[in-house]
Amino acid sequence: MSSRLSICHLITTTSAGGAEKQLLTLLANSPESLEHTVIGLQAAGELAPAMEAAGARVISLGLKPGFKALTQGPGLVRRALQKAQPKVVHTWLYHADLFGALAKRPDDGIPLIWGVRNSDLKLSPSTRLVLKACVALAKRPAAIVANSRSGADWHLHLGYPPGKMRVIPNGFDTDRFRPDAQARQKTREVLGIPEDALVVGRVARLDAAKDYAGLAAAARLALQQQPNLFFLLIGRGVESGSPRMTPWREPLLASRSLLLGYREDVPLLLNAMDLHVSNSLSEGLSNVVGEAMASGLPSVVTDVGDSREMVGNSGRVVAPAQPEALAAALVEMAGLGRDELLSLGQAARARIKELYSVNAMVTAYHDLYRLLSGETAGTDA
C-alpha cells in the first residue's frame, strides 16, 4: 500500500446536516490509505465525536455566523491549513468554499476541491453575497463536486466553470438503513401509534425550504379522505411548541401526528413508517429520501433537484408548493394497501443499492483525491 494521502476537509459546521452526514459517511468508509482532518468553521457540533471515532482529526474554529466571521474566517483557516499540511483541501458548502479559496495561496501546489450541495435554493442575503464571491473565484479550485445533476447545472448557469464540474451522488449505508420488522413493531408501540394507522413520515429540519406549512395543508386535505393516516415528523426545530409549527396544533392534525424534534434514532423511526414524504421547495440530492428508500419505504417527493431521478418508479412525484397535488398523492398511496407499499419499498431499496451505494461515492472521491494530488488512483477503496 502507498503512503497515506492527507486530506483536509473544511466545512461550515459539524452538526447534523446533509453535507455533514455525507462527510461522516465518507470518513467512516474511507480506505486506510487516506488520512483525514476536518476543520469546522463554527463550534463543534453533535457529529464531531463520530467524525473523530471514524479516525479523523477534528478542529473547530468557533466562528459565529455574521459579518465578523467573514473577516476573521480566512485568516483562521489559513493558519489551520498550515498546521495540517494536507495534500488536498476539500471544502463543503459556500462559506467553506469561499474561505478555502481565500485562505490558500494559489501557488502552494495543494489542489482545492469545492463541494456544492444544492440547486436553486432560496438563500439569505448574506449567503447570496458569499455565493456571488464564489462565482467570482470559481476558477481557483481544481475541481468542483456537486452531489446532484440539477445542482451541477444550476451552478454552471450561475457562472461556475464547466470544465471543473463533476457529479458524485450521495452514498447511503444500506446496512444502517434497512427494513426491520421487529423495530417497526416495537417503535410504533413505544410511540403509541394506533395499530391501524398508515404512518407518513417526514424527516427534515425546520426550514422554509422544507415547507412544513405546505405539508400541514396537504395532511388536512388527505385526512378528509383517508382518516387512518398518521404523520410522524422528525427534525431540528420540529416540535409542537415551535411557533412555526402552529398549524400542526390544530385539533385534527394534533390528533393524527407526532412532532418529535431532533432525534438520533432515525433508522428506528423510519421503520415505524409506511411511507415517506419530502415536499421540499428546493433540494440537491436529498439524504433523507435516500435513507428512507434504503429502509424499504416508498416516497412521495416534490419535483426538485434530483428527487425525480432518485425515486424513479418506486414512488410518486408532485409539483412543489401544491398541497392539493401532494394530498392526492398521499391518498393514492394510502389506498394501495400494505402489500403494494411493501413491494414499492423493496424496489426503492434495490434502487439505492444499485445507484447510490456508499462504495461508489467513496471510490469516486478517493480516485479524485489521488488524481489531483498526482498519485495513482488506489484500488483499496
# chains A, B, ... in the order shown; residues from 1 in each chain; ligands from 1
$ residues_around --residues "stretch 313-321 of chain A" --least-positions-apart "2" --cutoff "6 Å" --atoms "only C-alpha atoms" --output "list of chain:residue names"
A:Leu281, A:Pro298, A:Ser299, A:Val300, A:Val301, A:Thr302, A:Asp303, A:Val311, A:Leu344, A:Ala347, A:Ala348
$ residues_around --residues "A:His90" --least-positions-apart "4" --cutoff "7 Å" --atoms "only C-alpha atoms" --output "NGL selection string"
:A and (8-10 or 112-114)
$ write_last_selection --atoms "N, CA and C atoms" --output "short mmCIF file (atom, residue, chain, number, x, y, z; two decimals), in the first residue's frame"
data_model
loop_
_atom_site.label_atom_id
_atom_site.label_comp_id
_atom_site.auth_asym_id
_atom_site.auth_seq_id
_atom_site.Cartn_x
_atom_site.Cartn_y
_atom_site.Cartn_z
N CYS A 8 -7.61 17.39 3.88
CA CYS A 8 -8.18 18.31 4.86
C CYS A 8 -9.55 18.76 4.37
N HIS A 9 -10.58 18.49 5.16
CA HIS A 9 -11.94 18.88 4.83
C HIS A 9 -12.29 20.15 5.61
N LEU A 10 -12.77 21.14 4.91
CA LEU A 10 -13.23 22.39 5.53
C LEU A 10 -14.74 22.45 5.34
N LEU A 112 -7.33 22.29 -4.60
CA LEU A 112 -8.54 22.64 -3.85
C LEU A 112 -9.76 22.08 -4.57
N ILE A 113 -10.61 21.38 -3.81
CA ILE A 113 -11.88 20.86 -4.33
C ILE A 113 -13.01 21.59 -3.62
N TRP A 114 -13.91 22.19 -4.39
CA TRP A 114 -15.12 22.78 -3.82
C TRP A 114 -16.25 21.76 -3.83
#
$ closest_atom_pairs --of "stretch 67-120 of chain A" --to "stretch 37-44 of chain A" --cutoff "12 Å" --atoms "only C-alpha atoms" --output "Markdown table"
| residue | atom | partner | partner_atom | distance |
| --- | --- | --- | --- | --- |
| A:Ala69 | CA | A:Leu41 | CA | 8.8 |
| A:Leu70 | CA | A:Leu41 | CA | 10.6 |
| A:Gln72 | CA | A:Leu41 | CA | 10.5 |
| A:Gly73 | CA | A:Leu41 | CA | 7.5 |
| A:Pro74 | CA | A:Leu41 | CA | 9.9 |
| A:Gly75 | CA | A:Leu41 | CA | 11.6 |
| A:Leu76 | CA | A:Leu41 | CA | 8.9 |
| A:Val77 | CA | A:Ile39 | CA | 8.0 |
| A:Arg78 | CA | A:Ile39 | CA | 11.0 |
| A:Arg79 | CA | A:Ile39 | CA | 11.2 |
| A:Ala80 | CA | A:Ile39 | CA | 7.7 |
| A:Leu81 | CA | A:Ile39 | CA | 8.7 |
| A:Lys83 | CA | A:Thr37 | CA | 10.7 |
| A:Ala84 | CA | A:Thr37 | CA | 7.4 |
| A:Gln85 | CA | A:Thr37 | CA | 9.9 |
| A:Pro86 | CA | A:Thr37 | CA | 8.3 |
| A:Lys87 | CA | A:Thr37 | CA | 11.1 |
| A:Val88 | CA | A:Thr37 | CA | 10.5 |
| A:Val89 | CA | A:Thr37 | CA | 9.6 |
| A:His90 | CA | A:Val38 | CA | 9.4 |
| A:Thr91 | CA | A:Ile39 | CA | 9.3 |
| A:Trp92 | CA | A:Gly40 | CA | 10.0 |
| A:Leu93 | CA | A:Leu41 | CA | 11.1 |
| A:Tyr94 | CA | A:Leu41 | CA | 11.7 |
| A:His95 | CA | A:Leu41 | CA | 8.7 |
| A:Ala96 | CA | A:Leu41 | CA | 7.5 |
| A:Asp97 | CA | A:Leu41 | CA | 11.3 |
| A:Leu98 | CA | A:Leu41 | CA | 11.7 |
| A:Phe99 | CA | A:Leu41 | CA | 9.3 |
| A:Gly100 | CA | A:Ile39 | CA | 10.7 |
$ atom_distance --atom1 "atom CA of A:Val289" --atom2 "atom CA of A:Ser257"
20.0 Å
$ closest_atom_pairs --of "stretch 208-261 of chain A" --to "stretch 186-192 of chain A" --cutoff "10 Å" --atoms "only C-alpha atoms" --output "tab-separated table"
residue	atom	partner	partner_atom	distance
A:Leu232	CA	A:Leu191	CA	9.8
A:Leu258	CA	A:Leu191	CA	8.5
A:Leu260	CA	A:Leu191	CA	9.9
$ select_by_dssp --residues "stretch 262-311 of chain A" --states "strand (DSSP E or B)" --output "list in words"
Leu275, His276, Val277, Ser278, Ser299, Val300, Val301 and Thr302 of chain A
$ residues_around --residues "A:Val238" --least-positions-apart "2" --cutoff "9 Å" --atoms "only C-alpha atoms" --output "PyMOL selection string"
chain A and resi 204-206+212+233-236+240-242+244-245+259-262
$ write_last_selection --atoms "N, CA and C atoms" --output "short mmCIF file (atom, residue, chain, number, x, y, z; two decimals), in the first residue's frame"
data_model
loop_
_atom_site.label_atom_id
_atom_site.label_comp_id
_atom_site.auth_asym_id
_atom_site.auth_seq_id
_atom_site.Cartn_x
_atom_site.Cartn_y
_atom_site.Cartn_z
N ALA A 204 -36.85 16.16 8.42
CA ALA A 204 -36.21 17.37 7.89
C ALA A 204 -36.21 18.43 8.98
N ARG A 205 -35.16 19.23 9.00
CA ARG A 205 -35.10 20.34 9.96
C ARG A 205 -36.20 21.35 9.63
N LEU A 206 -36.50 22.21 10.61
CA LEU A 206 -37.49 23.26 10.39
C LEU A 206 -36.83 24.38 9.58
N TYR A 212 -43.00 22.82 5.77
CA TYR A 212 -43.87 22.12 6.71
C TYR A 212 -45.29 22.70 6.69
N LEU A 233 -43.32 13.40 12.34
CA LEU A 233 -42.44 14.47 11.89
C LEU A 233 -41.20 14.54 12.79
N ILE A 234 -40.02 14.56 12.16
CA ILE A 234 -38.76 14.47 12.89
C ILE A 234 -37.80 15.50 12.31
N GLY A 235 -37.11 16.24 13.17
CA GLY A 235 -36.11 17.17 12.69
C GLY A 235 -35.88 18.30 13.67
N ARG A 236 -34.73 18.90 13.59
CA ARG A 236 -34.39 20.00 14.48
C ARG A 236 -35.40 21.14 14.32
N SER A 240 -43.82 20.58 18.76
CA SER A 240 -45.17 21.15 18.79
C SER A 240 -45.16 22.56 19.36
N GLY A 241 -44.19 22.89 20.19
CA GLY A 241 -44.14 24.22 20.78
C GLY A 241 -43.58 25.29 19.89
N SER A 242 -43.05 24.93 18.74
CA SER A 242 -42.46 25.91 17.85
C SER A 242 -43.54 26.79 17.22
N ARG A 244 -43.58 28.20 14.46
CA ARG A 244 -43.73 27.93 13.03
C ARG A 244 -44.42 26.59 12.76
N MET A 245 -44.72 25.83 13.82
CA MET A 245 -45.45 24.58 13.66
C MET A 245 -46.88 24.72 14.14
N LEU A 259 -44.84 15.13 16.70
CA LEU A 259 -43.74 16.01 16.33
C LEU A 259 -42.60 15.75 17.31
N LEU A 260 -41.56 15.09 16.85
CA LEU A 260 -40.54 14.57 17.76
C LEU A 260 -39.29 15.44 17.83
N GLY A 261 -39.14 16.45 16.97
CA GLY A 261 -37.93 17.25 17.01
C GLY A 261 -36.72 16.46 16.55
N TYR A 262 -35.54 16.91 16.97
CA TYR A 262 -34.30 16.24 16.57
C TYR A 262 -34.16 14.91 17.29
#
$ closest_residue --among "A:Leu223, A:Ala197, A:Ala16, A:Leu5" --to "A:Val331" --atoms "only C-alpha atoms"
A:Leu223
$ closest_residue --among "A:Leu123, A:Pro169, A:Ser343, A:Gly62" --to "A:Asn359" --atoms "only C-alpha atoms"
A:Pro169
$ atom_distance --atom1 "atom CA of A:Val266" --atom2 "atom CA of A:Lys21"
12.7 Å
$ closest_residue --among "A:Leu27, A:Arg166, A:Ala56, A:Leu158" --to "A:Ala136" --atoms "only C-alpha atoms"
A:Leu158
$ atom_distance --atom1 "atom CA of A:Thr363" --atom2 "atom CA of A:Pro49"
24.1 Å
$ closest_residue --among "A:Met293, A:Ala142, A:Ala101, A:Leu336" --to "A:Arg349" --atoms "only C-alpha atoms"
A:Met293
$ select_by_dssp --residues "stretch 45-201 of chain A" --states "alpha helix (DSSP H)" --output "PyMOL selection string"
chain A and resi 48-53+67-84+94-103+125-137+149-158+181-191
$ closest_residue --among "A:Ser295, A:Asn279, A:Gln225, A:Asn287" --to "A:Ala328" --atoms "only C-alpha atoms"
A:Gln225
$ closest_residue --among "A:Ala181, A:Leu61, A:Leu297, A:Leu215" --to "A:Leu326" --atoms "only C-alpha atoms"
A:Leu215
$ residues_around --residues "A:Asp306" --least-positions-apart "2" --cutoff "8 Å" --atoms "only C-alpha atoms" --output "ChimeraX atom specification"
/A:148-150,283-286,303-304,308-310
$ residues_around --residues "A:Lys164" --least-positions-apart "5" --cutoff "12 Å" --atoms "only C-alpha atoms" --output "PDB file with N, CA and C atoms, in the first residue's frame"
ATOM      1  N   LEU A 112      -7.329  22.290  -4.601  1.00  0.00           N
ATOM      2  CA  LEU A 112      -8.539  22.639  -3.849  1.00  0.00           C
ATOM      3  C   LEU A 112      -9.758  22.077  -4.569  1.00  0.00           C
ATOM      4  N   ILE A 113     -10.608  21.384  -3.806  1.00  0.00           N
ATOM      5  CA  ILE A 113     -11.877  20.862  -4.329  1.00  0.00           C
ATOM      6  C   ILE A 113     -13.009  21.595  -3.621  1.00  0.00           C
ATOM      7  N   TRP A 114     -13.907  22.187  -4.389  1.00  0.00           N
ATOM      8  CA  TRP A 114     -15.119  22.776  -3.816  1.00  0.00           C
ATOM      9  C   TRP A 114     -16.249  21.756  -3.833  1.00  0.00           C
ATOM     10  N   GLY A 115     -17.128  21.832  -2.838  1.00  0.00           N
ATOM     11  CA  GLY A 115     -18.319  20.997  -2.804  1.00  0.00           C
ATOM     12  C   GLY A 115     -19.567  21.855  -2.796  1.00  0.00           C
ATOM     13  N   ALA A 138     -14.431  31.129  -8.830  1.00  0.00           N
ATOM     14  CA  ALA A 138     -14.665  29.731  -9.176  1.00  0.00           C
ATOM     15  C   ALA A 138     -13.600  29.107 -10.063  1.00  0.00           C
ATOM     16  N   LYS A 139     -12.657  29.919 -10.556  1.00  0.00           N
ATOM     17  CA  LYS A 139     -11.558  29.337 -11.328  1.00  0.00           C
ATOM     18  C   LYS A 139     -10.444  28.811 -10.423  1.00  0.00           C
ATOM     19  N   ARG A 140     -10.476  29.160  -9.135  1.00  0.00           N
ATOM     20  CA  ARG A 140      -9.389  28.755  -8.236  1.00  0.00           C
ATOM     21  C   ARG A 140      -9.384  27.263  -7.896  1.00  0.00           C
ATOM     22  N   PRO A 141     -10.524  26.639  -7.624  1.00  0.00           N
ATOM     23  CA  PRO A 141     -10.462  25.206  -7.315  1.00  0.00           C
ATOM     24  C   PRO A 141     -10.040  24.380  -8.514  1.00  0.00           C
ATOM     25  N   ALA A 142      -9.381  23.266  -8.230  1.00  0.00           N
ATOM     26  CA  ALA A 142      -9.003  22.344  -9.298  1.00  0.00           C
ATOM     27  C   ALA A 142     -10.194  21.532  -9.777  1.00  0.00           C
ATOM     28  N   ALA A 143     -11.170  21.332  -8.882  1.00  0.00           N
ATOM     29  CA  ALA A 143     -12.383  20.596  -9.235  1.00  0.00           C
ATOM     30  C   ALA A 143     -13.519  21.109  -8.369  1.00  0.00           C
ATOM     31  N   ILE A 144     -14.738  21.016  -8.891  1.00  0.00           N
ATOM     32  CA  ILE A 144     -15.943  21.379  -8.158  1.00  0.00           C
ATOM     33  C   ILE A 144     -16.876  20.178  -8.218  1.00  0.00           C
ATOM     34  N   VAL A 145     -17.284  19.684  -7.052  1.00  0.00           N
ATOM     35  CA  VAL A 145     -18.104  18.474  -6.987  1.00  0.00           C
ATOM     36  C   VAL A 145     -19.515  18.844  -6.539  1.00  0.00           C
ATOM     37  N   ALA A 146     -20.498  18.509  -7.365  1.00  0.00           N
ATOM     38  CA  ALA A 146     -21.908  18.616  -6.992  1.00  0.00           C
ATOM     39  C   ALA A 146     -22.420  17.224  -6.661  1.00  0.00           C
ATOM     40  N   ALA A 152     -25.364  20.657 -10.283  1.00  0.00           N
ATOM     41  CA  ALA A 152     -24.289  20.997 -11.219  1.00  0.00           C
ATOM     42  C   ALA A 152     -24.790  21.960 -12.289  1.00  0.00           C
ATOM     43  N   HIS A 155     -25.351  25.568 -10.894  1.00  0.00           N
ATOM     44  CA  HIS A 155     -24.119  26.315 -10.660  1.00  0.00           C
ATOM     45  C   HIS A 155     -23.415  26.679 -11.968  1.00  0.00           C
ATOM     46  N   LEU A 156     -23.526  25.823 -12.965  1.00  0.00           N
ATOM     47  CA  LEU A 156     -22.984  26.182 -14.280  1.00  0.00           C
ATOM     48  C   LEU A 156     -23.714  27.399 -14.841  1.00  0.00           C
ATOM     49  N   GLY A 159     -22.394  30.579 -13.497  1.00  0.00           N
ATOM     50  CA  GLY A 159     -21.089  31.004 -13.981  1.00  0.00           C
ATOM     51  C   GLY A 159     -19.924  30.164 -13.503  1.00  0.00           C
ATOM     52  N   LEU A 368     -10.555  10.812  -7.116  1.00  0.00           N
ATOM     53  CA  LEU A 368     -10.367  12.232  -7.387  1.00  0.00           C
ATOM     54  C   LEU A 368      -9.211  12.800  -6.560  1.00  0.00           C
ATOM     55  N   LEU A 372      -5.860  14.392  -8.393  1.00  0.00           N
ATOM     56  CA  LEU A 372      -5.460  15.789  -8.232  1.00  0.00           C
ATOM     57  C   LEU A 372      -4.136  15.932  -7.503  1.00  0.00           C
TER      58      LEU A 372
END
$ residues_around --residues "A:Ser280" --least-positions-apart "3" --cutoff "6 Å" --atoms "only C-alpha atoms" --output "PyMOL selection string"
chain A and resi 209-211
$ write_last_selection --atoms "N, CA and C atoms" --output "compact mmCIF listing (two decimals), in the first residue's frame"
# COMPACT_ATOMS: atom_id res chain seq x y z
N ALA A 209 -37.52 26.12 3.28
CA ALA A 209 -37.39 25.31 2.07
C ALA A 209 -38.00 23.92 2.24
N LYS A 210 -38.19 23.47 3.48
CA LYS A 210 -38.76 22.14 3.72
C LYS A 210 -40.29 22.17 3.70
N ASP A 211 -40.90 23.35 3.78
CA ASP A 211 -42.33 23.56 3.56
C ASP A 211 -43.22 22.71 4.47
